[in-house]
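Here the structure comes first, spelled out in structure tokens, and everything after it is commentary.
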Amino acid sequence: MNVLQPADYIVFLIYFVIVTAYGMYIYRSKKNAVTSSNDYFLAEGSLTWWAIGASLIASNISAEHFIGMSGSGFAIGLAIASYEWMSAATLIVVAM
């Protein structure tokens, strides 16, 4: 049975505090600014191409990748990778 050690709780707590503090800082710095739905959905036009690409790839990952694709790769070999290459091309089209 796996049991979390005190160091695990400390790391989690520190991470939680840092993320919460950063979120509150951003919230307070933008609280007085006039915003619209375009600012929310388009991140005020400040995102770079690599941040948008990383977001698309991260949102594309699911349990299918961790469980199903691994099993398929073991069973039928590297051919399953062609599915992922095609999804990368499709994500580029969607991003455009």
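Every chain in the structure tokens has a letter given in the order shown (A, B, ...), and although residue numbers restart at 1 in each chain, ligands are simply numbered from 1 in the order shown.
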
Practice problem: Find the residues around Asn60 of chain A up to 12 Å (only C-alpha atoms counted), leave out those fewer than 6 positions away in its own chain, and share them as a ChimeraX atom specification. | Solution: /A:53-54,66,84,87-88,90-91

For those residues, write all heavy atoms to a file as a PDB file, in the first residue's frame.
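This is the output file result_26.pdb:
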ATOM      1  N   GLY A  53      -0.214  26.044 -29.326  1.00  0.00           N
ATOM      2  CA  GLY A  53       0.052  24.666 -29.746  1.00  0.00           C
ATOM      3  C   GLY A  53       0.115  23.709 -28.571  1.00  0.00           C
ATOM      4  O   GLY A  53      -0.441  22.607 -28.620  1.00  0.00           O
ATOM      5  N   ALA A  54       0.795  24.123 -27.502  1.00  0.00           N
ATOM      6  CA  ALA A  54       0.876  23.273 -26.313  1.00  0.00           C
ATOM      7  C   ALA A  54      -0.501  23.053 -25.703  1.00  0.00           C
ATOM      8  O   ALA A  54      -0.819  21.955 -25.231  1.00  0.00           O
ATOM      9  CB  ALA A  54       1.821  23.895 -25.286  1.00  0.00           C
ATOM     10  N   PHE A  66      -3.060   7.027 -22.677  1.00  0.00           N
ATOM     11  CA  PHE A  66      -2.293   6.356 -21.640  1.00  0.00           C
ATOM     12  C   PHE A  66      -2.585   4.856 -21.560  1.00  0.00           C
ATOM     13  O   PHE A  66      -1.708   4.072 -21.224  1.00  0.00           O
ATOM     14  CB  PHE A  66      -2.551   6.993 -20.276  1.00  0.00           C
ATOM     15  CG  PHE A  66      -2.059   8.414 -20.211  1.00  0.00           C
ATOM     16  CD1 PHE A  66      -2.945   9.453 -20.020  1.00  0.00           C
ATOM     17  CD2 PHE A  66      -0.716   8.702 -20.359  1.00  0.00           C
ATOM     18  CE1 PHE A  66      -2.495  10.753 -19.969  1.00  0.00           C
ATOM     19  CE2 PHE A  66      -0.258  10.000 -20.305  1.00  0.00           C
ATOM     20  CZ  PHE A  66      -1.152  11.029 -20.115  1.00  0.00           C
ATOM     21  N   GLU A  84      -1.584   9.248 -34.498  1.00  0.00           N
ATOM     22  CA  GLU A  84      -1.159  10.475 -33.825  1.00  0.00           C
ATOM     23  C   GLU A  84      -0.588  11.490 -34.802  1.00  0.00           C
ATOM     24  O   GLU A  84      -0.783  12.687 -34.639  1.00  0.00           O
ATOM     25  CB  GLU A  84      -0.140  10.161 -32.726  1.00  0.00           C
ATOM     26  CG  GLU A  84      -0.754   9.506 -31.524  1.00  0.00           C
ATOM     27  CD  GLU A  84      -1.904  10.317 -30.958  1.00  0.00           C
ATOM     28  OE1 GLU A  84      -1.758  11.532 -30.734  1.00  0.00           O
ATOM     29  OE2 GLU A  84      -2.967   9.717 -30.724  1.00  0.00           O
ATOM     30  N   SER A  87      -3.513  13.156 -36.320  1.00  0.00           N
ATOM     31  CA  SER A  87      -4.192  14.085 -35.412  1.00  0.00           C
ATOM     32  C   SER A  87      -3.404  15.374 -35.262  1.00  0.00           C
ATOM     33  O   SER A  87      -3.990  16.447 -35.110  1.00  0.00           O
ATOM     34  CB  SER A  87      -4.423  13.436 -34.050  1.00  0.00           C
ATOM     35  OG  SER A  87      -3.217  13.270 -33.354  1.00  0.00           O
ATOM     36  N   ALA A  88      -2.077  15.307 -35.347  1.00  0.00           N
ATOM     37  CA  ALA A  88      -1.272  16.529 -35.275  1.00  0.00           C
ATOM     38  C   ALA A  88      -1.563  17.417 -36.482  1.00  0.00           C
ATOM     39  O   ALA A  88      -1.727  18.635 -36.344  1.00  0.00           O
ATOM     40  CB  ALA A  88       0.210  16.191 -35.208  1.00  0.00           C
ATOM     41  N   THR A  90      -4.339  17.426 -38.206  1.00  0.00           N
ATOM     42  CA  THR A  90      -5.699  17.920 -38.032  1.00  0.00           C
ATOM     43  C   THR A  90      -5.747  19.077 -37.035  1.00  0.00           C
ATOM     44  O   THR A  90      -6.469  20.059 -37.252  1.00  0.00           O
ATOM     45  CB  THR A  90      -6.618  16.779 -37.544  1.00  0.00           C
ATOM     46  OG1 THR A  90      -6.520  15.701 -38.466  1.00  0.00           O
ATOM     47  CG2 THR A  90      -8.047  17.229 -37.427  1.00  0.00           C
ATOM     48  N   LEU A  91      -4.977  18.999 -35.965  1.00  0.00           N
ATOM     49  CA  LEU A  91      -4.945  20.082 -34.982  1.00  0.00           C
ATOM     50  C   LEU A  91      -4.391  21.359 -35.604  1.00  0.00           C
ATOM     51  O   LEU A  91      -4.819  22.461 -35.260  1.00  0.00           O
ATOM     52  CB  LEU A  91      -4.104  19.673 -33.773  1.00  0.00           C
ATOM     53  CG  LEU A  91      -4.791  18.735 -32.797  1.00  0.00           C
ATOM     54  CD1 LEU A  91      -3.826  18.281 -31.732  1.00  0.00           C
ATOM     55  CD2 LEU A  91      -6.006  19.398 -32.170  1.00  0.00           C
TER      56      LEU A  91
END

Quiz prompt | Residues of chain A in helix (DSSP H, G or I), written as an MDAnalysis selection string | solution = chainID A and resid 6:30 37:45 49:60 63:76 78:95

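What separates atom CA of Gly45 of chain A from atom CA of Tyr22 of chain A is a distance of 20.5 Å.
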